[in-house]
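Written out below as structure tokens is the structure these notes cover.
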Amino acid sequence: MSTLENNYRSPDHEALEARFARGIVARLSEHADHIAPDVAERLRFAREKAVEAARRVRAAGQAQGVGVTGEGALVAGFSRSRWWLRIASALPLAALVAGLLLIQDWQNRSQVSVAAEVDAALLGDDLPINAYRDPGFVEYLKAPPADE
Amino acid sequence: MATDKELADFLKSVEKRAWKRAVYAVRDEDAALDIVQDAMIRLSEKYVDRPAAELPLLFQRIVSNATMDWFRRQKVRNQVVRNFSEFESAAGDGDFDILETLESLGSSLESESAAESVSRAQILQIIDDEVARLPARQREAFLLRYWEELDVAETAASMGCSEGSVKTHCSRAVHALAKALKAKGIAP
């Protein structure tokens with residue numbers, strides 16, 4: 001096993017690594033601080049655009065909140081009229097249903113009335129109703145009237 | 001929710017490091033600027049409602065994702081595989097004593113005694129170059145852990161790997177840097 005791998009498991013080694021790494025990154029930070037002016041300027045521009053984007057997103061979120069609140073106020077302030085609007089929009093449908101029901105009822109009454117008239121005529125006739133059960137009489141009725 | 005000032009201060013504090021990280025990854029300063037700008041906008045637009053304390057981890061993750069997106073857009077999958085794969089170099093260390101090297105290099109870095117033989121700017125550039133030469137995953141772990149000062153769990157979350165992998169990547173990065181810097185003569 002190499003020296004490297006022997007040392008790899010040593011607890012002190014980790015502390016030593018961290019100390020070395022901190023030294024390295026301190027130099028990296030120092031080097032990064034001396035970036036070209038045009039790069040620094042572009043980074044500044046990018047940062048400002050990002051902050052502006054965040055501001056836009058926040059503003060949009062707030063506007064959405066205001067919109068929702070406004071709608072809530074609208075509903076609360078004009079709730080009665082909105083209900084009337086909904087009722088008014090349902091009225092034609094209700095009228096149609098009521099009309100259909102009336103037509104059905106009228107037809108029923110008509111049928112009942114016609115049947116009642118027939119029954120009344122049959123019952124009020126001089127001819128007894130049992131005569132219609134006589135096949136000969138039925139044949140007589142079906143037969144065309146004889147030429148006089 | 002982070003205020004505009006908190007967001008601006010945060011971005012200002014991380015923008016240079018983020019740019020350097022992106023430069024290390026894509027090796028193109030303009031592309032790195034685009035990546036950082038894209039990451040800043042994404043952070044601002046999507047996570048504006050998050051508290052300021054959550055911004056660092058979110059931003060590091062976004063920068064990593066934006067970098068990956070850049071690679072995807074460039075359709076250089078082979079380069080991605082090469083850059084983001086592991087280049088193991090544990091073998092062949094021979095008698096190289098990492099403890100001794102780290103100790104001496106650490107002292108030199110902290111005491112700046114190496115500046116006596118090499119100019120400060122040259123040392124900074126050499127360190128920068130050696131960090132850039134690290135395998136991508138090692139460099140990412142090293143920079144997130146020590147430069148961005150994320151803890152191991154945060155680094156793992158940002159990189160999408162286990163904490164054990166982060167420790168391994170960091171350790172190997174430190175070893176590689178120590179060895180490379182010693183080879184460059186940056187040692188007492």
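By order of appearance in the structure tokens: chains A, B, ..., then residues from 1 within every chain, and ligands from 1 in the order shown.
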Using only C-alpha atoms, I'd like a table of the residues in chain A that come within 7 Å of chain B; for each, show the closest atom pair and its distance in Å rounded to one decimal, ordered by chain and ascending number, as a Markdown table.
```
| residue | atom | partner | partner_atom | distance |
| --- | --- | --- | --- | --- |
| A:Ser2 | CA | B:Gly94 | CA | 7.0 |
| A:Thr3 | CA | B:Asp97 | CA | 6.1 |
| A:Leu4 | CA | B:Ile98 | CA | 5.9 |
| A:Asn7 | CA | B:Leu99 | CA | 6.9 |
| A:His13 | CA | B:Leu99 | CA | 6.8 |
| A:Leu16 | CA | B:Leu102 | CA | 6.6 |
| A:Glu17 | CA | B:Val174 | CA | 6.4 |
| A:Arg19 | CA | B:Gly106 | CA | 6.4 |
| A:Phe20 | CA | B:Gly106 | CA | 4.6 |
| A:Ala21 | CA | B:Val174 | CA | 6.5 |
| A:Arg22 | CA | B:Tyr146 | CA | 6.4 |
| A:Gly23 | CA | B:Leu109 | CA | 5.5 |
| A:Val25 | CA | B:Trp147 | CA | 5.5 |
| A:Arg27 | CA | B:Leu124 | CA | 6.0 |
| A:Leu28 | CA | B:Asp128 | CA | 6.4 |
| A:His31 | CA | B:Leu124 | CA | 6.0 |
| A:Ala32 | CA | B:Lys16 | CA | 6.2 |
| A:Leu43 | CA | B:Glu15 | CA | 6.7 |
| A:Ala46 | CA | B:Gln37 | CA | 5.1 |
| A:Arg47 | CA | B:Leu11 | CA | 6.4 |
| A:Ala50 | CA | B:Ile41 | CA | 4.7 |
| A:Val51 | CA | B:Asp4 | CA | 6.2 |
| A:Ala53 | CA | B:Glu45 | CA | 6.1 |
| A:Ala54 | CA | B:Ser44 | CA | 4.7 |
| A:Val57 | CA | B:Glu45 | CA | 6.2 |
```
The selected residues should be written to file as a PDB file, in the first residue's frame (atoms: C-alpha atoms).
```pdb
ATOM      1  CA  SER A   2       1.418   3.358  -0.963  1.00  0.00           C
ATOM      2  CA  THR A   3       2.233   6.170   1.394  1.00  0.00           C
ATOM      3  CA  LEU A   4      -0.668   8.103  -0.054  1.00  0.00           C
ATOM      4  CA  ASN A   7      -2.062   8.585   4.950  1.00  0.00           C
ATOM      5  CA  HIS A  13      -4.497  14.052   7.267  1.00  0.00           C
ATOM      6  CA  LEU A  16      -3.942  18.937   6.865  1.00  0.00           C
ATOM      7  CA  GLU A  17      -5.877  18.655   3.638  1.00  0.00           C
ATOM      8  CA  ARG A  19      -5.581  23.629   5.795  1.00  0.00           C
ATOM      9  CA  PHE A  20      -3.901  23.182   2.456  1.00  0.00           C
ATOM     10  CA  ALA A  21      -7.215  23.621   0.634  1.00  0.00           C
ATOM     11  CA  ARG A  22      -7.953  26.831   2.514  1.00  0.00           C
ATOM     12  CA  GLY A  23      -4.578  28.161   1.469  1.00  0.00           C
ATOM     13  CA  VAL A  25      -8.733  28.876  -2.209  1.00  0.00           C
ATOM     14  CA  ARG A  27      -5.081  32.376  -3.495  1.00  0.00           C
ATOM     15  CA  LEU A  28      -7.913  31.598  -5.878  1.00  0.00           C
ATOM     16  CA  HIS A  31      -6.732  35.834  -8.222  1.00  0.00           C
ATOM     17  CA  ALA A  32     -10.467  36.022  -8.909  1.00  0.00           C
ATOM     18  CA  LEU A  43     -21.013  40.505 -14.275  1.00  0.00           C
ATOM     19  CA  ALA A  46     -25.869  40.432 -15.323  1.00  0.00           C
ATOM     20  CA  ARG A  47     -26.444  40.989 -11.618  1.00  0.00           C
ATOM     21  CA  ALA A  50     -31.160  39.422 -12.358  1.00  0.00           C
ATOM     22  CA  VAL A  51     -32.272  41.802  -9.629  1.00  0.00           C
ATOM     23  CA  ALA A  53     -35.994  40.138 -13.098  1.00  0.00           C
ATOM     24  CA  ALA A  54     -36.649  39.360  -9.441  1.00  0.00           C
ATOM     25  CA  VAL A  57     -41.494  38.554 -10.751  1.00  0.00           C
TER      26      VAL A  57
END
```
Worksheet item: Could you name the residues that touch B:Arg27 at 12 Å or less, counting only C-alpha atoms, but leaving out those on the same chain fewer than 2 positions away, as a VMD selection string?
Response: chain B and resid 19 to 25 29 to 33 35 67 70 to 71 79 83 129 132 to 133 136
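You will find atom CA of B:Asp151 at 22.4 Å from atom CA of B:Met68.
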Worksheet item: Can you tell me how far atom CA of B:Gln138 sits from atom CA of B:Arg61, in Å to one decimal?
Response: 15.8 Å
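Of note, atom CA of A:Ala26 and atom CA of A:Arg42 are spaced 23.9 Å apart.
With distances restricted to only C-alpha atoms, B:Ala141 is the closest residue to B:Met159 from B:Ala176, B:Ala66, B:Ala52, B:Ala141.
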